[in-house]
>>> print(open('upload.csv').read())   # CSV, C-alpha atoms
chain,number,residue,atom,x,y,z
A,20,MET,CA,-52.3,-41.1,-105.1
A,21,LYS,CA,-55.7,-39.4,-104.6
A,22,ALA,CA,-55.5,-35.6,-104.6
A,23,THR,CA,-56.1,-34.1,-101.1
A,24,GLU,CA,-58.3,-31.1,-100.6
A,25,GLN,CA,-55.2,-29.0,-100.1
A,26,THR,CA,-53.8,-30.2,-103.5
A,27,LEU,CA,-57.1,-29.3,-105.2
A,28,GLN,CA,-57.0,-25.9,-103.6
A,29,GLN,CA,-53.4,-25.3,-104.7
A,30,VAL,CA,-54.1,-26.3,-108.3
A,31,GLU,CA,-57.3,-24.2,-108.3
A,32,ARG,CA,-55.3,-21.2,-107.1
A,33,ALA,CA,-52.7,-21.7,-109.9
A,34,ILE,CA,-55.4,-22.0,-112.6
A,35,ARG,CA,-57.1,-18.8,-111.2
A,36,LYS,CA,-53.7,-17.0,-111.4
A,37,ILE,CA,-53.4,-18.1,-115.0
A,38,ALA,CA,-56.9,-16.8,-115.7
A,39,GLU,CA,-56.1,-13.5,-114.0
A,40,LYS,CA,-53.3,-12.9,-116.5
A,41,PHE,CA,-55.9,-13.0,-119.3
A,42,PRO,CA,-58.9,-11.1,-118.1
A,43,SER,CA,-62.0,-11.3,-120.3
A,44,ASN,CA,-62.2,-7.5,-120.7
A,45,GLU,CA,-58.8,-7.2,-122.5
A,46,GLU,CA,-58.0,-7.7,-126.2
A,47,ALA,CA,-57.5,-11.4,-126.9
A,48,SER,CA,-54.0,-12.7,-126.9
A,49,MET,CA,-52.6,-14.9,-129.7
A,50,LEU,CA,-51.6,-17.8,-127.5
A,51,THR,CA,-52.4,-21.3,-128.8
A,52,ASP,CA,-51.5,-23.3,-125.7
A,53,ILE,CA,-50.9,-22.9,-122.0
A,54,HIS,CA,-48.2,-25.4,-120.9
A,55,ILE,CA,-48.4,-26.7,-117.4
A,56,ARG,CA,-45.1,-28.3,-116.4
A,57,VAL,CA,-45.0,-30.4,-113.3
A,58,THR,CA,-41.7,-31.6,-111.6
A,59,GLN,CA,-42.0,-34.8,-109.7
A,60,GLU,CA,-39.0,-34.2,-107.3
A,61,SER,CA,-39.9,-30.6,-106.3
A,62,GLY,CA,-43.7,-30.7,-106.6
A,63,GLU,CA,-43.5,-27.5,-108.6
A,64,LEU,CA,-46.2,-26.6,-111.1
A,65,ILE,CA,-45.2,-23.9,-113.6
A,66,ALA,CA,-47.4,-22.5,-116.3
A,67,PHE,CA,-45.9,-21.1,-119.5
A,68,ASP,CA,-47.1,-19.6,-122.7
A,69,ASP,CA,-46.1,-20.7,-126.2
A,70,GLU,CA,-42.9,-18.7,-126.0
A,71,GLU,CA,-41.8,-20.3,-122.7
A,72,LYS,CA,-42.6,-17.1,-120.8
A,73,GLU,CA,-43.7,-18.0,-117.2
A,74,ILE,CA,-47.2,-17.2,-116.3
A,75,THR,CA,-47.3,-18.5,-112.7
A,76,ARG,CA,-45.8,-21.2,-110.5
A,77,CYS,CA,-46.6,-22.9,-107.2
A,78,ILE,CA,-45.5,-25.8,-105.1
A,79,VAL,CA,-48.0,-28.6,-104.6
A,80,GLU,CA,-46.9,-30.2,-101.3
A,81,GLN,CA,-48.5,-33.6,-102.0
A,82,TRP,CA,-46.4,-33.9,-105.2
A,83,ILE,CA,-43.0,-33.3,-103.6
A,84,ASP,CA,-40.7,-36.3,-103.9
A,85,ASN,CA,-43.6,-38.4,-105.1
A,86,LYS,CA,-42.2,-41.7,-106.5
A,87,ASP,CA,-45.5,-43.1,-107.7
A,88,SER,CA,-45.1,-44.7,-111.1
A,89,GLN,CA,-48.5,-43.3,-112.1
A,90,PHE,CA,-47.6,-39.8,-111.0
A,91,TYR,CA,-48.2,-37.9,-114.3
A,92,LYS,CA,-51.4,-39.9,-114.9
A,93,GLU,CA,-52.7,-38.9,-111.5
A,94,VAL,CA,-51.6,-35.3,-111.9
A,95,GLY,CA,-53.3,-35.1,-115.3
A,96,SER,CA,-56.5,-36.4,-113.8
A,97,THR,CA,-56.3,-33.9,-111.0
A,98,LEU,CA,-55.6,-31.0,-113.4
A,99,ARG,CA,-58.5,-32.1,-115.8
A,100,SER,CA,-61.0,-32.2,-112.9
A,101,VAL,CA,-60.0,-28.7,-111.7
A,102,LEU,CA,-60.1,-27.3,-115.2
A,103,ALA,CA,-63.5,-28.8,-115.8
A,104,LYS,CA,-64.7,-27.4,-112.4
A,105,MET,CA,-63.4,-24.0,-113.5
A,106,LYS,CA,-64.8,-24.2,-117.0
A,107,GLU,CA,-66.6,-20.9,-116.9
A,108,THR,CA,-63.5,-19.1,-115.7
A,109,ILE,CA,-61.1,-20.5,-118.2
A,110,GLU,CA,-63.4,-20.2,-121.2
A,111,LYS,CA,-63.7,-16.5,-120.6
A,112,MET,CA,-59.9,-15.9,-120.8
A,113,SER,CA,-58.9,-13.3,-123.4
A,114,ILE,CA,-57.1,-15.8,-125.6
A,115,LEU,CA,-58.1,-16.3,-129.3
A,116,LYS,CA,-59.8,-19.6,-129.6
A,117,PRO,CA,-58.9,-22.4,-130.0
A,118,TYR,CA,-56.4,-22.8,-127.2
A,119,SER,CA,-55.6,-25.6,-124.9
A,120,PHE,CA,-54.0,-26.6,-121.6
A,121,VAL,CA,-51.2,-29.1,-122.1
A,122,LEU,CA,-49.4,-31.2,-119.4
A,123,GLU,CA,-45.7,-31.5,-119.7
A,124,ASP,CA,-43.1,-33.4,-117.6
A,125,ASP,CA,-40.0,-31.8,-116.2
A,126,ASP,CA,-38.1,-32.7,-119.4
A,127,HIS,CA,-40.5,-30.4,-121.4
A,128,GLU,CA,-42.1,-33.4,-123.0
A,129,THR,CA,-45.8,-33.1,-123.8
A,130,LEU,CA,-47.7,-35.8,-121.9
A,131,GLU,CA,-51.3,-34.9,-122.8
A,132,GLU,CA,-53.8,-32.3,-123.8
A,133,LEU,CA,-55.8,-31.5,-120.6
A,134,TYR,CA,-58.5,-29.2,-121.9
A,135,LEU,CA,-59.3,-27.6,-125.2
A,136,VAL,CA,-61.2,-24.3,-125.3
A,137,ASP,CA,-63.1,-23.7,-128.6
A,138,ASP,CA,-66.5,-22.6,-129.5
A,139,ASP,CA,-67.0,-25.5,-132.0
A,140,ILE,CA,-65.1,-28.4,-130.6
A,141,ALA,CA,-65.2,-30.4,-127.4
A,142,ILE,CA,-62.7,-33.1,-126.2
A,143,ILE,CA,-64.3,-36.1,-124.7
A,144,ASP,CA,-62.7,-37.6,-121.6
A,145,GLN,CA,-60.1,-40.2,-122.5
A,146,GLU,CA,-61.7,-42.8,-120.2
A,147,LEU,CA,-64.9,-42.6,-122.2
A,148,MET,CA,-62.9,-43.1,-125.4
A,149,ALA,CA,-60.8,-46.0,-124.1
A,150,ASP,CA,-62.6,-48.9,-125.9
A,151,LEU,CA,-64.2,-46.9,-128.7
A,152,ASP,CA,-62.0,-48.5,-131.4
A,153,LYS,CA,-63.0,-52.0,-130.3
A,154,ASP,CA,-66.6,-51.0,-130.2
A,155,LEU,CA,-66.5,-49.4,-133.6
A,156,ASP,CA,-64.6,-52.4,-135.1
A,157,ALA,CA,-67.2,-54.8,-133.7
A,158,PHE,CA,-70.0,-52.7,-135.0
A,159,LEU,CA,-68.4,-52.5,-138.5
A,160,ASP,CA,-67.8,-56.3,-138.5
A,161,LYS,CA,-71.5,-56.9,-137.6
A,162,LEU,CA,-72.6,-54.5,-140.4
A,163,LEU,CA,-70.4,-56.1,-143.0
A,164,LYS,CA,-71.6,-59.6,-142.1
A,165,GLU,CA,-75.2,-58.6,-142.6
>>> encode(input="upload.csv", output="structure tokens")
Amino acid sequence: MKATEQTLQQVERAIRKIAEKFPSNEEASMLTDIHIRVTQESGELIAFDDEEKEITRCIVEQWIDNKDSQFYKEVGSTLRSVLAKMKETIEKMSILKPYSFVLEDDDHETLEELYLVDDDIAIIDQELMADLDKDLDAFLDKLLKE
């Protein structure tokens, strides 16, 4: 399931609405995470704060009744790319750092951390990190043999 232009626009609009709730000119909020819950049957994207208070919601038409077995993986990828594109906007939000955007399924289970906002830490894309353990093990084995 490749995200359509309409899907990207809908997700971008939802992220913009989240950012509007925390304008940079206000005192920083004490949130630690913004939870993004996606429901596969309805295509609904709902953003919550730490206390389960709804921030915004929208329907992503491409996600309605999507039966793809990789649904949440694809949704996570779409959300990460939109968040990366909107980096400047989300990093100016009036939330005390560090805070993160977290993807949840419709059962309220955390699936993955999508984006971490912190002055000192950066999260590297999971795809870049996929074989890092193997590479480090091979490097260590090579060093130990020498």
>>> closest_residue(input="upload.csv", among="A:Tyr134, A:Lys36, A:Lys21, A:Val30", to="Asp87 (chain A)", atoms="all atoms listed in the file")
A:Lys21
>>> residues_around(input="upload.csv", residues="region 38-45 of chain A", least_positions_apart="2", cutoff="8 Å", atoms="only C-alpha atoms", output="PyMOL selection string")
chain A and resi 34-36+47-48+74+108-109+111-114
>>> write_last_selection(input="upload.csv", atoms="C-alpha atoms", output="short mmCIF file (atom, residue, chain, number, x, y, z; two decimals), in the frame of the given file")
data_model
loop_
_atom_site.label_atom_id
_atom_site.label_comp_id
_atom_site.auth_asym_id
_atom_site.auth_seq_id
_atom_site.Cartn_x
_atom_site.Cartn_y
_atom_site.Cartn_z
CA ILE A 34 -55.40 -22.00 -112.60
CA ARG A 35 -57.10 -18.80 -111.20
CA LYS A 36 -53.70 -17.00 -111.40
CA ALA A 47 -57.50 -11.40 -126.90
CA SER A 48 -54.00 -12.70 -126.90
CA ILE A 74 -47.20 -17.20 -116.30
CA THR A 108 -63.50 -19.10 -115.70
CA ILE A 109 -61.10 -20.50 -118.20
CA LYS A 111 -63.70 -16.50 -120.60
CA MET A 112 -59.90 -15.90 -120.80
CA SER A 113 -58.90 -13.30 -123.40
CA ILE A 114 -57.10 -15.80 -125.60
#
>>> atom_distance(input="upload.csv", atom1="CA of Glu73 (chain A)", atom2="CA of Asp125 (chain A)")
14.3 Å
>>> atom_distance(input="upload.csv", atom1="CA of Arg32 (chain A)", atom2="CA of Cys77 (chain A)")
8.9 Å
>>> closest_residue(input="upload.csv", among="A:Leu27, A:Ala103, A:Asp68, A:Ile55", to="Leu122 (chain A)", atoms="all atoms listed in the file")
A:Ile55
>>> closest_residue(input="upload.csv", among="A:Leu98, A:Leu50, A:Ala33, A:Leu159", to="Arg76 (chain A)", atoms="all atoms listed in the file")
A:Ala33
>>> closest_residue(input="upload.csv", among="A:Ser100, A:Leu155, A:Glu132, A:Glu165", to="Glu31 (chain A)", atoms="all atoms listed in the file")
A:Ser100
>>> residues_around(input="upload.csv", residues="Val136 (chain A)", least_positions_apart="5", cutoff="6 Å", atoms="only C-alpha atoms", output="list in words")
Pro117, Tyr118 and Ser119 of chain A
>>> write_last_selection(input="upload.csv", atoms="C-alpha atoms", output="PDB file, in the coordinates of the input")
ATOM      1  CA  PRO A 117     -58.900 -22.400-130.000  1.00  0.00           C
ATOM      2  CA  TYR A 118     -56.400 -22.800-127.200  1.00  0.00           C
ATOM      3  CA  SER A 119     -55.600 -25.600-124.900  1.00  0.00           C
TER       4      SER A 119
END
